[in-house]
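Visitor: What follows is work-v8.cif, mmCIF, C-alpha atoms (C1' of nucleotides).
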```cif
data_data
#
loop_
_atom_site.label_atom_id
_atom_site.label_comp_id
_atom_site.auth_asym_id
_atom_site.auth_seq_id
_atom_site.Cartn_x
_atom_site.Cartn_y
_atom_site.Cartn_z
CA MET Z 1 -9.39 -0.63 -8.39
CA ALA Z 2 -6.42 1.56 -7.60
CA HIS Z 3 -5.42 2.91 -4.22
CA TRP Z 4 -3.94 6.25 -3.24
CA LEU Z 5 -2.83 8.18 -0.21
CA LEU Z 6 -3.89 11.79 0.34
CA LYS Z 7 -1.98 14.00 2.73
CA THR Z 8 -3.63 16.70 4.76
CA GLU Z 9 -2.61 18.94 7.59
CA PRO Z 10 -5.31 18.27 10.17
CA GLU Z 11 -5.08 21.84 11.43
CA ALA Z 12 -6.42 22.86 8.01
CA PHE Z 13 -8.64 19.86 7.26
CA SER Z 14 -8.72 16.64 9.25
CA LEU Z 15 -10.26 13.21 8.93
CA ASP Z 16 -12.76 14.26 11.61
CA ASP Z 17 -13.72 17.22 9.43
CA LEU Z 18 -14.29 14.84 6.53
CA LYS Z 19 -16.39 12.57 8.73
CA ALA Z 20 -18.47 15.53 9.88
CA ARG Z 21 -19.13 16.65 6.32
CA GLY Z 22 -19.49 13.19 4.81
CA GLN Z 23 -18.08 14.30 1.48
CA GLU Z 24 -15.65 17.00 0.40
CA PRO Z 25 -13.94 18.37 -2.72
CA TRP Z 26 -10.21 17.69 -2.37
CA ASP Z 27 -9.16 21.11 -3.64
CA GLY Z 28 -5.94 23.07 -3.63
CA ILE Z 29 -3.66 20.55 -5.36
CA ARG Z 30 -1.05 22.73 -7.10
CA ASN Z 31 1.63 20.27 -8.10
CA TYR Z 32 1.70 18.72 -11.55
CA GLN Z 33 2.67 15.23 -10.45
CA ALA Z 34 -0.09 15.16 -7.86
CA ARG Z 35 -2.55 16.55 -10.40
CA ASN Z 36 -1.65 13.79 -12.84
CA PHE Z 37 -2.43 11.23 -10.14
CA LEU Z 38 -5.78 12.97 -9.53
CA ARG Z 39 -6.58 12.49 -13.19
CA GLN Z 40 -5.88 8.76 -12.92
CA MET Z 41 -8.35 8.31 -10.07
CA ARG Z 42 -11.61 6.51 -10.76
CA VAL Z 43 -14.90 6.49 -8.90
CA GLY Z 44 -14.74 3.76 -6.30
CA ASP Z 45 -10.98 3.94 -5.72
CA GLU Z 46 -10.24 3.84 -2.02
CA VAL Z 47 -7.64 6.11 -0.44
CA PHE Z 48 -5.74 6.43 2.80
CA ILE Z 49 -6.05 9.76 4.57
CA TYR Z 50 -2.70 10.80 6.04
CA HIS Z 51 -2.10 13.51 8.61
CA SER Z 52 1.10 15.50 8.10
CA ARG Z 53 2.80 18.21 10.15
CA VAL Z 54 1.68 16.73 13.43
CA PRO Z 55 3.69 15.16 16.26
CA VAL Z 56 3.00 11.65 14.91
CA PRO Z 57 2.35 11.80 11.16
CA GLY Z 58 0.61 8.76 9.65
CA ILE Z 59 -2.43 7.09 8.13
CA VAL Z 60 -5.56 7.83 10.12
CA GLY Z 61 -8.42 6.59 7.97
CA ILE Z 62 -9.87 5.71 4.61
CA ALA Z 63 -12.12 7.43 2.10
CA ARG Z 64 -13.59 6.73 -1.33
CA ILE Z 65 -13.30 8.65 -4.58
CA VAL Z 66 -16.82 9.71 -5.56
CA THR Z 67 -16.15 11.88 -8.64
CA GLU Z 68 -13.49 11.78 -11.29
CA ALA Z 69 -11.15 14.73 -11.71
CA HIS Z 70 -12.79 17.99 -12.77
CA PRO Z 71 -11.58 21.61 -12.67
CA ASP Z 72 -10.86 23.00 -9.20
CA PRO Z 73 -12.89 26.22 -8.93
CA THR Z 74 -10.51 27.76 -6.39
CA GLN Z 75 -7.93 28.32 -9.16
CA PHE Z 76 -10.22 31.03 -10.64
CA ASP Z 77 -11.08 32.72 -7.34
CA PRO Z 78 -8.83 35.73 -6.61
CA GLN Z 79 -9.90 35.53 -2.96
CA SER Z 80 -8.73 31.95 -2.62
CA PRO Z 81 -5.26 31.06 -1.35
CA TYR Z 82 -5.22 28.57 -4.25
CA TYR Z 83 -5.88 31.23 -6.90
CA ASP Z 84 -3.76 30.80 -10.04
CA ALA Z 85 -3.77 33.83 -12.33
CA GLY Z 86 -2.11 31.76 -15.01
CA SER Z 87 -5.01 29.33 -15.36
CA SER Z 88 -7.96 30.07 -17.64
CA PRO Z 89 -11.47 28.55 -17.55
CA ALA Z 90 -10.99 27.61 -21.21
CA ASP Z 91 -7.98 25.50 -20.28
CA PRO Z 92 -7.99 24.79 -16.55
CA ARG Z 93 -4.66 23.88 -15.08
CA TRP Z 94 -5.80 22.27 -11.79
CA ASP Z 95 -8.31 19.57 -10.99
CA LEU Z 96 -9.92 18.11 -7.92
CA VAL Z 97 -11.80 14.94 -7.02
CA ASP Z 98 -14.57 14.60 -4.45
CA ILE Z 99 -14.03 12.10 -1.66
CA ALA Z 100 -16.39 10.53 0.86
CA TYR Z 101 -15.56 9.44 4.40
CA LEU Z 102 -15.43 5.71 5.01
CA ALA Z 103 -13.75 4.99 8.36
CA HIS Z 104 -11.07 5.77 10.89
CA CYS Z 105 -8.16 3.35 11.20
CA VAL Z 106 -7.62 2.25 14.79
CA PRO Z 107 -4.89 2.47 15.72
CA ALA Z 108 -3.49 5.02 13.29
CA VAL Z 109 -0.45 3.72 11.37
CA SER Z 110 2.43 6.09 11.95
CA LEU Z 111 5.02 7.04 9.38
CA GLU Z 112 7.53 5.36 11.68
CA SER Z 113 5.68 2.03 11.40
CA LEU Z 114 5.26 2.43 7.64
CA ARG Z 115 9.04 2.77 7.41
CA GLU Z 116 9.38 -0.59 9.15
CA MET Z 117 7.02 -2.35 6.72
CA PRO Z 118 8.86 -4.04 3.82
CA GLU Z 119 5.89 -3.35 1.52
CA PHE Z 120 6.61 0.37 1.79
CA ALA Z 121 10.34 0.27 1.09
CA ASP Z 122 9.85 1.62 -2.43
CA ASN Z 123 7.02 4.03 -1.68
CA PRO Z 124 7.93 7.72 -2.07
CA LEU Z 125 6.10 8.38 1.19
CA VAL Z 126 8.97 7.02 3.25
CA ARG Z 127 11.69 8.80 1.30
CA LYS Z 128 13.41 11.69 2.98
CA GLY Z 129 12.39 15.02 1.57
CA ASN Z 130 9.27 13.65 -0.09
CA ARG Z 131 6.75 16.40 -0.74
CA LEU Z 132 4.19 14.62 -2.90
CA SER Z 133 0.74 15.21 -1.45
CA ILE Z 134 -0.81 12.34 -3.43
CA VAL Z 135 0.98 9.00 -3.42
CA PRO Z 136 0.04 5.79 -5.27
CA ILE Z 137 -0.50 2.80 -2.98
CA SER Z 138 -0.05 -0.76 -4.25
CA GLU Z 139 -2.45 -3.55 -3.42
CA SER Z 140 0.10 -5.17 -1.09
CA GLN Z 141 0.69 -1.85 0.67
CA TRP Z 142 -3.06 -1.36 1.04
CA GLN Z 143 -3.54 -4.85 2.50
CA ALA Z 144 -0.52 -4.57 4.80
CA VAL Z 145 -1.93 -1.44 6.43
CA LEU Z 146 -5.47 -2.80 6.70
CA ALA Z 147 -4.11 -5.93 8.39
CA ARG Z 148 -2.88 -3.73 11.24
CA VAL Z 149 -6.02 -1.79 11.94
CA THR Z 150 -9.67 -2.01 12.79
CA LEU Z 151 -11.94 0.18 10.69
CA VAL Z 152 -14.15 2.16 12.99
"C1'" DG T 1 10.08 26.76 15.08
"C1'" DC T 2 13.89 25.00 12.29
"C1'" DC T 3 15.64 23.71 8.17
"C1'" DA T 4 16.58 20.11 4.38
"C1'" DA T 5 14.61 18.93 0.27
"C1'" DC T 6 12.19 19.97 -3.51
"C1'" DG T 7 9.42 22.38 -7.38
"C1'" DT T 8 8.86 26.67 -9.71
"C1'" DT T 9 10.14 31.11 -11.46
"C1'" DG T 10 12.55 34.34 -14.04
"C1'" DG T 11 16.88 36.74 -15.50
"C1'" DC T 12 20.22 36.05 -18.61
"C1'" DG C 1 17.93 26.25 -21.69
"C1'" DC C 2 20.63 27.03 -17.53
"C1'" DC C 3 20.55 27.77 -12.87
"C1'" DA C 4 20.25 30.93 -8.71
"C1'" DA C 5 16.78 32.58 -5.95
"C1'" DC C 6 12.67 31.87 -3.91
"C1'" DG C 7 8.58 29.76 -1.72
"C1'" DT C 8 6.62 25.65 0.19
"C1'" DT C 9 6.37 21.11 2.31
"C1'" DG C 10 6.72 18.30 6.12
"C1'" DG C 11 9.60 15.58 9.54
"C1'" DC C 12 11.69 16.45 13.52
#
```
Just dump the structure as structure tokens.

Guide:
Amino acid sequence: MAHWLLKTEPEAFSLDDLKARGQEPWDGIRNYQARNFLRQMRVGDEVFIYHSRVPVPGIVGIARIVTEAHPDPTQFDPQSPYYDAGSSPADPRWDLVDIAYLAHCVPAVSLESLREMPEFADNPLVRKGNRLSIVPISESQWQAVLARVTLV
DNA sequence: GCCAACGTTGGC
DNA sequence: GCCAACGTTGGC
């Protein structure tokens, strides 16, 4: 089982929103590297949910992949902010996966603490200027974070 | 709100 | 195919 980290701006969609809905299509990914990671995800993979663009960015909870990658319908919707005129239904450019809420991490694990963890030294998440919205997480990184939190 | 870093676009 | 311009991301 692989692990991943998904970034979200809680002002747009937060872990609490995911908890309230139970399950949600993770739509709007418009970056090829992130899309390729989406396509590697398998049902049952567990992911960290990370809040960005907040006073203390960091990992706030965990979720589970419940569908494999399939075309993101928002790419075909001219009303959607994620509309992509260059993508055709015959050959969709962008995918999404559906994720289900599992738990909050208490306490949250801030980016600052991740930077201090040796397991994360090579993770793109802690690199300056990193803009990847989906990041692979190794087993040791996954365990190191879980060792610091209670799942609530 | 600022701005560095990055990915994408498009003129040539 | 290069690369300047542009738009976006995300920490601070």

Visitor: Pull out every residue that the PyMOL selection byres ((chain Z) within 10 of (chain T)) matches in the shown coordinates and put them as a list in words.

Guide: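 With the PyMOL selection byres ((chain Z) within 10 of (chain T)) on this model, the match is Asn31, Tyr32, Lys128, Gly129, Asn130, Arg131 and Leu132 of chain Z.
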
Visitor: Please produce an output containing C-alpha atoms for each residue in the selection, written as an mmCIF file, keeping the file's coordinate frame.

Guide:
```
data_model
loop_
_atom_site.group_PDB
_atom_site.id
_atom_site.type_symbol
_atom_site.label_atom_id
_atom_site.label_comp_id
_atom_site.auth_asym_id
_atom_site.auth_seq_id
_atom_site.Cartn_x
_atom_site.Cartn_y
_atom_site.Cartn_z
ATOM 1 C CA ASN Z 31 1.630 20.270 -8.100
ATOM 2 C CA TYR Z 32 1.700 18.720 -11.550
ATOM 3 C CA LYS Z 128 13.410 11.690 2.980
ATOM 4 C CA GLY Z 129 12.390 15.020 1.570
ATOM 5 C CA ASN Z 130 9.270 13.650 -0.090
ATOM 6 C CA ARG Z 131 6.750 16.400 -0.740
ATOM 7 C CA LEU Z 132 4.190 14.620 -2.900
#
```

Visitor: If I take CA of Leu114 (chain Z) and CA of Ile137 (chain Z), how far is one from the other in Å, to one decimal?

Guide: 12.1 Å

Visitor: Record the distance separating CA of Trp142 (chain Z) and CA of Leu102 (chain Z), expressed in Å with one decimal.

Guide: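 Those two atoms sit 14.8 Å apart.
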
Visitor: Find the residues around region 70-77 of chain Z up to 9 Å (all atoms listed in the file counted), leave out those fewer than 3 positions away in its own chain, and share them as JSON, numbers by chain.

Guide: {"Z": [25, 26, 27, 28, 29, 39, 67, 80, 81, 82, 83, 84, 85, 86, 87, 88, 89, 92, 93, 94, 95, 96, 97]}

Visitor: So which residues touch Ser14 (chain Z) within 10 Å, counting only C-alpha atoms (C1' of nucleotides), skipping near sequence neighbours fewer than 6 positions away, as a compact mmCIF listing (two decimals) with C-alpha atoms, in the coordinates of the input?

Guide:
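Result file follows (selection_23.txt):
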```txt
# COMPACT_ATOMS: atom_id res chain seq x y z
CA LYS Z 7 -1.98 14.00 2.73
CA THR Z 8 -3.63 16.70 4.76
CA ALA Z 20 -18.47 15.53 9.88
CA ILE Z 49 -6.05 9.76 4.57
CA TYR Z 50 -2.70 10.80 6.04
CA HIS Z 51 -2.10 13.51 8.61
CA SER Z 52 1.10 15.50 8.10
CA VAL Z 60 -5.56 7.83 10.12
```

Visitor: Atoms are missing here; could region 95-119 of chain Z be completed with N, CA, C and O atoms and written as a compact mmCIF listing (two decimals), in the coordinates of the input?

Guide:
```txt
# COMPACT_ATOMS: atom_id res chain seq x y z
N ASP Z 95 -7.10 20.37 -11.18
CA ASP Z 95 -8.31 19.57 -10.99
C ASP Z 95 -8.50 19.21 -9.52
O ASP Z 95 -7.57 19.36 -8.71
N LEU Z 96 -9.68 18.72 -9.23
CA LEU Z 96 -9.92 18.11 -7.92
C LEU Z 96 -10.78 16.87 -8.11
O LEU Z 96 -11.39 16.68 -9.16
N VAL Z 97 -10.83 16.03 -7.08
CA VAL Z 97 -11.80 14.94 -7.02
C VAL Z 97 -12.60 15.15 -5.73
O VAL Z 97 -12.13 15.83 -4.81
N ASP Z 98 -13.80 14.59 -5.69
CA ASP Z 98 -14.57 14.60 -4.45
C ASP Z 98 -14.38 13.27 -3.75
O ASP Z 98 -14.36 12.21 -4.40
N ILE Z 99 -14.23 13.33 -2.43
CA ILE Z 99 -14.03 12.10 -1.66
C ILE Z 99 -15.08 12.01 -0.57
O ILE Z 99 -15.59 13.03 -0.09
N ALA Z 100 -15.41 10.78 -0.19
CA ALA Z 100 -16.39 10.53 0.86
C ALA Z 100 -15.73 9.74 1.99
O ALA Z 100 -14.94 8.81 1.74
N TYR Z 101 -16.08 10.12 3.21
CA TYR Z 101 -15.56 9.44 4.40
C TYR Z 101 -15.99 7.98 4.43
O TYR Z 101 -17.15 7.66 4.16
N LEU Z 102 -15.06 7.11 4.79
CA LEU Z 102 -15.43 5.71 5.01
C LEU Z 102 -15.23 5.30 6.48
O LEU Z 102 -16.15 4.80 7.09
N ALA Z 103 -14.02 5.49 7.01
CA ALA Z 103 -13.75 4.99 8.36
C ALA Z 103 -12.45 5.58 8.91
O ALA Z 103 -11.60 6.03 8.15
N HIS Z 104 -12.34 5.53 10.23
CA HIS Z 104 -11.07 5.77 10.89
C HIS Z 104 -10.32 4.44 10.98
O HIS Z 104 -10.94 3.39 11.14
N CYS Z 105 -9.01 4.50 10.92
CA CYS Z 105 -8.16 3.35 11.20
C CYS Z 105 -7.72 3.40 12.65
O CYS Z 105 -7.13 4.39 13.09
N VAL Z 106 -8.01 2.33 13.39
CA VAL Z 106 -7.62 2.25 14.79
C VAL Z 106 -6.80 0.99 15.01
O VAL Z 106 -7.27 -0.10 14.72
N PRO Z 107 -5.56 1.18 15.48
CA PRO Z 107 -4.89 2.47 15.72
C PRO Z 107 -4.46 3.10 14.40
O PRO Z 107 -4.42 2.43 13.37
N ALA Z 108 -4.11 4.39 14.45
CA ALA Z 108 -3.49 5.02 13.29
C ALA Z 108 -2.15 4.32 13.00
O ALA Z 108 -1.54 3.75 13.90
N VAL Z 109 -1.72 4.36 11.74
CA VAL Z 109 -0.45 3.72 11.37
C VAL Z 109 0.56 4.83 11.09
O VAL Z 109 0.47 5.54 10.09
N SER Z 110 1.49 4.96 12.01
CA SER Z 110 2.43 6.09 11.95
C SER Z 110 3.41 5.93 10.80
O SER Z 110 3.67 4.82 10.32
N LEU Z 111 3.97 7.06 10.38
CA LEU Z 111 5.02 7.04 9.38
C LEU Z 111 6.17 6.14 9.84
O LEU Z 111 6.75 5.39 9.05
N GLU Z 112 6.46 6.21 11.14
CA GLU Z 112 7.53 5.36 11.68
C GLU Z 112 7.22 3.88 11.45
O GLU Z 112 8.10 3.11 11.04
N SER Z 113 5.99 3.46 11.67
CA SER Z 113 5.68 2.03 11.40
C SER Z 113 5.66 1.72 9.92
O SER Z 113 6.06 0.63 9.51
N LEU Z 114 5.22 2.68 9.09
CA LEU Z 114 5.26 2.43 7.64
C LEU Z 114 6.69 2.17 7.19
O LEU Z 114 6.96 1.33 6.34
N ARG Z 115 7.63 2.94 7.77
CA ARG Z 115 9.04 2.77 7.41
C ARG Z 115 9.55 1.38 7.74
O ARG Z 115 10.47 0.89 7.11
N GLU Z 116 8.94 0.75 8.74
CA GLU Z 116 9.38 -0.59 9.15
C GLU Z 116 8.73 -1.69 8.31
O GLU Z 116 9.10 -2.85 8.43
N MET Z 117 7.73 -1.33 7.49
CA MET Z 117 7.02 -2.35 6.72
C MET Z 117 7.72 -2.55 5.38
O MET Z 117 7.88 -1.61 4.61
N PRO Z 118 8.13 -3.80 5.07
CA PRO Z 118 8.86 -4.04 3.82
C PRO Z 118 8.05 -3.63 2.59
O PRO Z 118 8.64 -3.21 1.58
N GLU Z 119 6.73 -3.72 2.68
CA GLU Z 119 5.89 -3.35 1.52
C GLU Z 119 6.11 -1.90 1.11
O GLU Z 119 5.87 -1.52 -0.04
```
